[in-house]
Amino acid sequence: MNASDQPVHLVALAGSPRVRGNTDTLLAAALEGAEEAGARVERYDLRAMRIAPCVHCGGCTGGEGRCVINDDMQRLYEPLQVADRIVIASPVFFMGLTAQAKAMIDRCQPLWVRRDLGRPVSRATHERAALYLGAGGSDFAHLFDAPRTVLAAWYWTLEIFDRTELTFRAVDARGAIRDHPTALAQARQAGRALARRRLSEE
Ligand SMILES: Cc1cc2nc3c(=O)[nH]c(=O)nc-3n(C[C@H](O)[C@H](O)[C@H](O)COP(=O)(O)O)c2cc1C
């Protein structure tokens, strides 16, 4: 069996604390699309996981570069390395990602250390690609600048260079995204496209 015979493995990270909120709803639609396109989806709800912030203890800088904090983040290192596709959903909180999403990203420091030492991080069977799903309550022009900057560093760490995003401004109340004329169809399509992307070349 070669790599292209295997289904695309998609790891999804829900970063909002709000259950069935706007980014949760976008994520659900995107994952439906990805599954329609044949992806094997594995979803993690960060709000339900115990992930402490990085304490910069230096524990990951030596040896095998493992994080010494024993919490639910340990369950994510393997999926983050083997996933062919990653979807991260997070609303804008104080112009950035949520604390849940940022704590998870900061805890990827052991992977950054590996990458910085020139050692491989990705163990994917297909080329990697990522999708960011975002929502924010205001229509501020720079609403997604900070999330994009953080995600660019995270994607570099994960060796993901094919990056897309689907973001919506002026979406505030829980479930308001459902009133958007095209958002859910766009999310479904983005999930489908992510699952299929470049498969013919792999
Ligand atoms: C703590 C907090 C901070 C927020 N900060 C911003 C912000 O800086 N800019 C903005 O446009 N909306 C902000 N919002 C609004 C959320 O981005 C908005 O309600 C979003 O739709 C929530 O998505 P969710 O339902 O997926 O959680 C904030 C909301 C909270 C609770």
# chains A, B, ... in the order shown; residues from 1 in each chain; ligands from 1
>>> closest_atom_pairs(of="stretch 94-180 of chain A", to="stretch 67-90 of chain A", cutoff="10 Å", atoms="only C-alpha atoms", output="tab-separated table")
residue	atom	partner	partner_atom	distance
A:Gly96	CA	A:Ser90	CA	9.1
A:Leu97	CA	A:Ser90	CA	6.0
A:Thr98	CA	A:Ser90	CA	6.3
A:Ala99	CA	A:Ser90	CA	9.6
A:Gln100	CA	A:Ser90	CA	8.9
A:Ala101	CA	A:Ser90	CA	6.9
A:Lys102	CA	A:Ser90	CA	9.6
A:Ala103	CA	A:Met73	CA	9.4
A:Met104	CA	A:Met73	CA	7.0
A:Ile105	CA	A:Met73	CA	9.9
A:Arg107	CA	A:Met73	CA	7.3
A:Cys108	CA	A:Tyr77	CA	7.7
A:Gln109	CA	A:Cys67	CA	8.1
A:Pro110	CA	A:Cys67	CA	6.1
A:Leu111	CA	A:Tyr77	CA	8.3
A:Pro120	CA	A:Gln81	CA	9.3
A:Val121	CA	A:Gln81	CA	6.0
A:Ser122	CA	A:Gln81	CA	4.8
A:Arg123	CA	A:Val82	CA	4.6
A:Ala124	CA	A:Val82	CA	4.4
A:Thr125	CA	A:Asp84	CA	6.5
A:His126	CA	A:Asp84	CA	5.4
A:Glu127	CA	A:Asp84	CA	6.2
A:Arg128	CA	A:Asp84	CA	4.7
A:Ala129	CA	A:Arg85	CA	4.9
A:Ala130	CA	A:Ile86	CA	4.7
A:Leu131	CA	A:Val87	CA	4.7
A:Tyr132	CA	A:Ile88	CA	5.0
A:Leu133	CA	A:Ala89	CA	4.5
A:Gly134	CA	A:Ser90	CA	5.3
A:Ala135	CA	A:Ser90	CA	7.1
A:Gly136	CA	A:Ser90	CA	9.2
A:Pro147	CA	A:Ser90	CA	8.7
A:Leu151	CA	A:Ile88	CA	9.3
A:Tyr155	CA	A:Ile86	CA	9.5
A:Leu158	CA	A:Gln81	CA	7.1
A:Glu159	CA	A:Gln81	CA	9.1
A:Ile160	CA	A:Arg85	CA	8.7
A:Asp162	CA	A:Arg85	CA	9.5
A:Arg163	CA	A:Ile86	CA	9.6
A:Thr164	CA	A:Val87	CA	9.5
A:Glu165	CA	A:Val87	CA	9.3
A:Leu166	CA	A:Ala89	CA	9.6
A:Thr167	CA	A:Ala89	CA	9.6
>>> residues_near_ligand(ligand="ligand 1", cutoff="9 Å", atoms="only C-alpha atoms and all ligand atoms", output="PDB file with N, CA and C atoms, in the first residue's frame")
ATOM      1  N   ALA A  14     -10.500  22.426  18.050  1.00  0.00           N
ATOM      2  CA  ALA A  14     -11.526  23.426  18.334  1.00  0.00           C
ATOM      3  C   ALA A  14     -11.007  24.316  19.458  1.00  0.00           C
ATOM      4  N   GLY A  15     -10.820  25.608  19.159  1.00  0.00           N
ATOM      5  CA  GLY A  15     -10.151  26.495  20.105  1.00  0.00           C
ATOM      6  C   GLY A  15     -11.051  27.447  20.864  1.00  0.00           C
ATOM      7  N   SER A  16     -12.357  27.391  20.623  1.00  0.00           N
ATOM      8  CA  SER A  16     -13.251  28.300  21.349  1.00  0.00           C
ATOM      9  C   SER A  16     -13.720  27.669  22.653  1.00  0.00           C
ATOM     10  N   PRO A  17     -13.864  28.485  23.698  1.00  0.00           N
ATOM     11  CA  PRO A  17     -14.462  27.949  24.925  1.00  0.00           C
ATOM     12  C   PRO A  17     -15.972  27.772  24.793  1.00  0.00           C
ATOM     13  N   ARG A  18     -16.564  28.327  23.734  1.00  0.00           N
ATOM     14  CA  ARG A  18     -18.016  28.341  23.618  1.00  0.00           C
ATOM     15  C   ARG A  18     -18.503  27.141  22.790  1.00  0.00           C
ATOM     16  N   VAL A  19     -19.232  26.248  23.452  1.00  0.00           N
ATOM     17  CA  VAL A  19     -19.779  25.072  22.763  1.00  0.00           C
ATOM     18  C   VAL A  19     -20.854  25.529  21.773  1.00  0.00           C
ATOM     19  N   ARG A  20     -20.833  24.965  20.574  1.00  0.00           N
ATOM     20  CA  ARG A  20     -21.775  25.313  19.495  1.00  0.00           C
ATOM     21  C   ARG A  20     -21.784  26.813  19.190  1.00  0.00           C
ATOM     22  N   GLY A  21     -20.629  27.427  19.379  1.00  0.00           N
ATOM     23  CA  GLY A  21     -20.475  28.838  19.000  1.00  0.00           C
ATOM     24  C   GLY A  21     -20.176  28.938  17.515  1.00  0.00           C
ATOM     25  N   ASN A  22     -19.676  30.103  17.131  1.00  0.00           N
ATOM     26  CA  ASN A  22     -19.508  30.366  15.698  1.00  0.00           C
ATOM     27  C   ASN A  22     -18.382  29.549  15.072  1.00  0.00           C
ATOM     28  N   THR A  23     -17.244  29.490  15.742  1.00  0.00           N
ATOM     29  CA  THR A  23     -16.145  28.714  15.148  1.00  0.00           C
ATOM     30  C   THR A  23     -16.396  27.218  15.283  1.00  0.00           C
ATOM     31  N   ASP A  24     -17.096  26.805  16.344  1.00  0.00           N
ATOM     32  CA  ASP A  24     -17.507  25.397  16.460  1.00  0.00           C
ATOM     33  C   ASP A  24     -18.389  25.008  15.276  1.00  0.00           C
ATOM     34  N   THR A  25     -19.290  25.906  14.930  1.00  0.00           N
ATOM     35  CA  THR A  25     -20.235  25.642  13.838  1.00  0.00           C
ATOM     36  C   THR A  25     -19.513  25.597  12.497  1.00  0.00           C
ATOM     37  N   LEU A  26     -18.565  26.532  12.308  1.00  0.00           N
ATOM     38  CA  LEU A  26     -17.755  26.500  11.083  1.00  0.00           C
ATOM     39  C   LEU A  26     -16.945  25.210  11.005  1.00  0.00           C
ATOM     40  N   ALA A  89      -9.651  26.003  14.664  1.00  0.00           N
ATOM     41  CA  ALA A  89     -10.741  26.974  14.733  1.00  0.00           C
ATOM     42  C   ALA A  89     -10.571  27.779  16.011  1.00  0.00           C
ATOM     43  N   SER A  90     -10.571  29.088  15.880  1.00  0.00           N
ATOM     44  CA  SER A  90     -10.487  29.947  17.063  1.00  0.00           C
ATOM     45  C   SER A  90     -11.104  31.303  16.763  1.00  0.00           C
ATOM     46  N   PRO A  91     -11.973  31.783  17.643  1.00  0.00           N
ATOM     47  CA  PRO A  91     -12.434  33.164  17.498  1.00  0.00           C
ATOM     48  C   PRO A  91     -11.311  34.121  17.886  1.00  0.00           C
ATOM     49  N   VAL A  92     -11.548  35.396  17.619  1.00  0.00           N
ATOM     50  CA  VAL A  92     -10.615  36.439  18.042  1.00  0.00           C
ATOM     51  C   VAL A  92     -10.982  36.864  19.454  1.00  0.00           C
ATOM     52  N   PHE A  93     -10.029  36.755  20.336  1.00  0.00           N
ATOM     53  CA  PHE A  93     -10.166  37.260  21.709  1.00  0.00           C
ATOM     54  C   PHE A  93      -9.078  38.313  21.910  1.00  0.00           C
ATOM     55  N   PHE A  94      -9.474  39.523  22.240  1.00  0.00           N
ATOM     56  CA  PHE A  94      -8.513  40.617  22.413  1.00  0.00           C
ATOM     57  C   PHE A  94      -7.487  40.643  21.283  1.00  0.00           C
ATOM     58  N   MET A  95      -8.022  40.551  20.079  1.00  0.00           N
ATOM     59  CA  MET A  95      -7.253  40.666  18.835  1.00  0.00           C
ATOM     60  C   MET A  95      -6.304  39.494  18.569  1.00  0.00           C
ATOM     61  N   GLY A  96      -6.384  38.459  19.376  1.00  0.00           N
ATOM     62  CA  GLY A  96      -5.516  37.302  19.146  1.00  0.00           C
ATOM     63  C   GLY A  96      -6.318  36.018  19.140  1.00  0.00           C
ATOM     64  N   THR A  98      -7.630  32.515  21.065  1.00  0.00           N
ATOM     65  CA  THR A  98      -8.074  32.263  22.445  1.00  0.00           C
ATOM     66  C   THR A  98      -6.906  31.720  23.281  1.00  0.00           C
ATOM     67  N   GLY A 134     -11.835  31.247  11.511  1.00  0.00           N
ATOM     68  CA  GLY A 134     -11.892  32.298  12.521  1.00  0.00           C
ATOM     69  C   GLY A 134     -13.169  33.101  12.460  1.00  0.00           C
ATOM     70  N   ALA A 135     -13.512  33.691  13.602  1.00  0.00           N
ATOM     71  CA  ALA A 135     -14.650  34.610  13.670  1.00  0.00           C
ATOM     72  C   ALA A 135     -14.342  35.670  14.712  1.00  0.00           C
ATOM     73  N   GLY A 136     -14.856  36.867  14.458  1.00  0.00           N
ATOM     74  CA  GLY A 136     -14.688  37.944  15.423  1.00  0.00           C
ATOM     75  C   GLY A 136     -15.938  38.802  15.453  1.00  0.00           C
ATOM     76  N   GLY A 137     -16.189  39.391  16.598  1.00  0.00           N
ATOM     77  CA  GLY A 137     -17.422  40.154  16.772  1.00  0.00           C
ATOM     78  C   GLY A 137     -17.440  41.488  16.057  1.00  0.00           C
ATOM     79  N   SER A 138     -16.287  42.101  15.855  1.00  0.00           N
ATOM     80  CA  SER A 138     -16.232  43.426  15.244  1.00  0.00           C
ATOM     81  C   SER A 138     -15.905  43.300  13.758  1.00  0.00           C
ATOM     82  N   ASP A 139     -15.923  44.440  13.077  1.00  0.00           N
ATOM     83  CA  ASP A 139     -15.495  44.401  11.668  1.00  0.00           C
ATOM     84  C   ASP A 139     -14.187  45.171  11.483  1.00  0.00           C
ATOM     85  N   PHE A 140     -13.386  45.204  12.530  1.00  0.00           N
ATOM     86  CA  PHE A 140     -12.092  45.877  12.493  1.00  0.00           C
ATOM     87  C   PHE A 140     -11.234  45.298  11.357  1.00  0.00           C
ATOM     88  N   LEU A 143      -8.514  42.623  12.141  1.00  0.00           N
ATOM     89  CA  LEU A 143      -9.002  41.643  13.116  1.00  0.00           C
ATOM     90  C   LEU A 143      -8.192  40.344  13.152  1.00  0.00           C
ATOM     91  N   PHE A 144      -7.755  39.882  12.011  1.00  0.00           N
ATOM     92  CA  PHE A 144      -7.104  38.568  11.968  1.00  0.00           C
ATOM     93  C   PHE A 144      -5.585  38.655  11.804  1.00  0.00           C
ATOM     94  N   PHE A 168     -14.460  35.305   9.369  1.00  0.00           N
ATOM     95  CA  PHE A 168     -15.669  36.124   9.286  1.00  0.00           C
ATOM     96  C   PHE A 168     -15.643  37.197  10.361  1.00  0.00           C
ATOM     97  N   ARG A 169     -15.894  38.436   9.920  1.00  0.00           N
ATOM     98  CA  ARG A 169     -15.998  39.578  10.835  1.00  0.00           C
ATOM     99  C   ARG A 169     -17.449  39.782  11.231  1.00  0.00           C
ATOM    100  N   ALA A 170     -17.655  40.597  12.260  1.00  0.00           N
ATOM    101  CA  ALA A 170     -19.002  41.023  12.671  1.00  0.00           C
ATOM    102  C   ALA A 170     -19.928  39.846  12.944  1.00  0.00           C
ATOM    103  N   VAL A 171     -19.376  38.829  13.590  1.00  0.00           N
ATOM    104  CA  VAL A 171     -20.162  37.645  13.966  1.00  0.00           C
ATOM    105  C   VAL A 171     -19.954  37.490  15.470  1.00  0.00           C
ATOM    106  N   ASP A 172     -20.967  37.750  16.253  1.00  0.00           N
ATOM    107  CA  ASP A 172     -20.726  37.859  17.691  1.00  0.00           C
ATOM    108  C   ASP A 172     -21.564  36.891  18.538  1.00  0.00           C
ATOM    109  N   ALA A 173     -22.880  36.964  18.440  1.00  0.00           N
ATOM    110  CA  ALA A 173     -23.728  36.120  19.282  1.00  0.00           C
ATOM    111  C   ALA A 173     -23.511  34.643  18.952  1.00  0.00           C
ATOM    112  N   ARG A 174     -23.713  33.802  19.949  1.00  0.00           N
ATOM    113  CA  ARG A 174     -23.538  32.360  19.716  1.00  0.00           C
ATOM    114  C   ARG A 174     -24.453  31.897  18.563  1.00  0.00           C
ATOM    115  N   GLY A 175     -23.847  31.290  17.573  1.00  0.00           N
ATOM    116  CA  GLY A 175     -24.621  30.759  16.447  1.00  0.00           C
ATOM    117  C   GLY A 175     -24.976  31.787  15.387  1.00  0.00           C
ATOM    118  N   ALA A 176     -24.527  33.046  15.551  1.00  0.00           N
ATOM    119  CA  ALA A 176     -24.848  34.085  14.554  1.00  0.00           C
ATOM    120  C   ALA A 176     -24.327  33.711  13.167  1.00  0.00           C
ATOM    121  N   ILE A 177     -23.303  32.881  13.141  1.00  0.00           N
ATOM    122  CA  ILE A 177     -22.729  32.484  11.852  1.00  0.00           C
ATOM    123  C   ILE A 177     -23.762  31.763  10.981  1.00  0.00           C
TER     124      ILE A 177
END
>>> residues_around(residues="A:Arg188", least_positions_apart="2", cutoff="10 Å", atoms="only C-alpha atoms", output="VMD selection string")
chain A and resid 26 to 36 183 to 186 190 to 194
>>> select_by_dssp(residues="stretch 90-181 of chain A", states="alpha helix (DSSP H)", output="PyMOL selection string")
chain A and resi 99-106+109-116+145-157
>>> atom_distance(atom1="atom CA of A:Trp156", atom2="atom CA of A:Arg119")
13.1 Å
>>> atom_distance(atom1="atom CA of A:Arg115", atom2="atom CA of A:Ala152")
14.3 Å
>>> atom_distance(atom1="atom CA of A:Gly58", atom2="atom CA of A:Ala153")
19.3 Å
>>> residues_around(residues="A:Val113", least_positions_apart="6", cutoff="8 Å", atoms="only C-alpha atoms", output="PDB file with N, CA, C and O atoms, in the first residue's frame")
ATOM      1  N   CYS A  60      12.475  20.931  27.336  1.00  0.00           N
ATOM      2  CA  CYS A  60      12.385  20.353  25.991  1.00  0.00           C
ATOM      3  C   CYS A  60      13.621  20.635  25.148  1.00  0.00           C
ATOM      4  O   CYS A  60      13.691  20.200  23.995  1.00  0.00           O
ATOM      5  N   THR A  61      14.577  21.342  25.684  1.00  0.00           N
ATOM      6  CA  THR A  61      15.709  21.751  24.839  1.00  0.00           C
ATOM      7  C   THR A  61      16.808  20.689  24.762  1.00  0.00           C
ATOM      8  O   THR A  61      17.673  20.763  23.897  1.00  0.00           O
ATOM      9  N   GLY A  65      13.876  16.176  23.183  1.00  0.00           N
ATOM     10  CA  GLY A  65      13.028  17.344  23.014  1.00  0.00           C
ATOM     11  C   GLY A  65      11.588  17.073  23.367  1.00  0.00           C
ATOM     12  O   GLY A  65      10.679  17.326  22.568  1.00  0.00           O
TER      13      GLY A  65
END
>>> closest_residue(among="A:Gly62, A:Asp116, A:Leu13, A:Ala37", to="A:Met49", atoms="only C-alpha atoms")
A:Leu13
>>> closest_residue(among="A:Leu117, A:Ala187, A:Val150, A:Val8", to="A:Gly38", atoms="only C-alpha atoms")
A:Val8
>>> select_by_dssp(residues="stretch 43-120 of chain A", states="strand (DSSP E or B)", output="PyMOL selection string")
chain A and resi 43-45+85-91+93+96
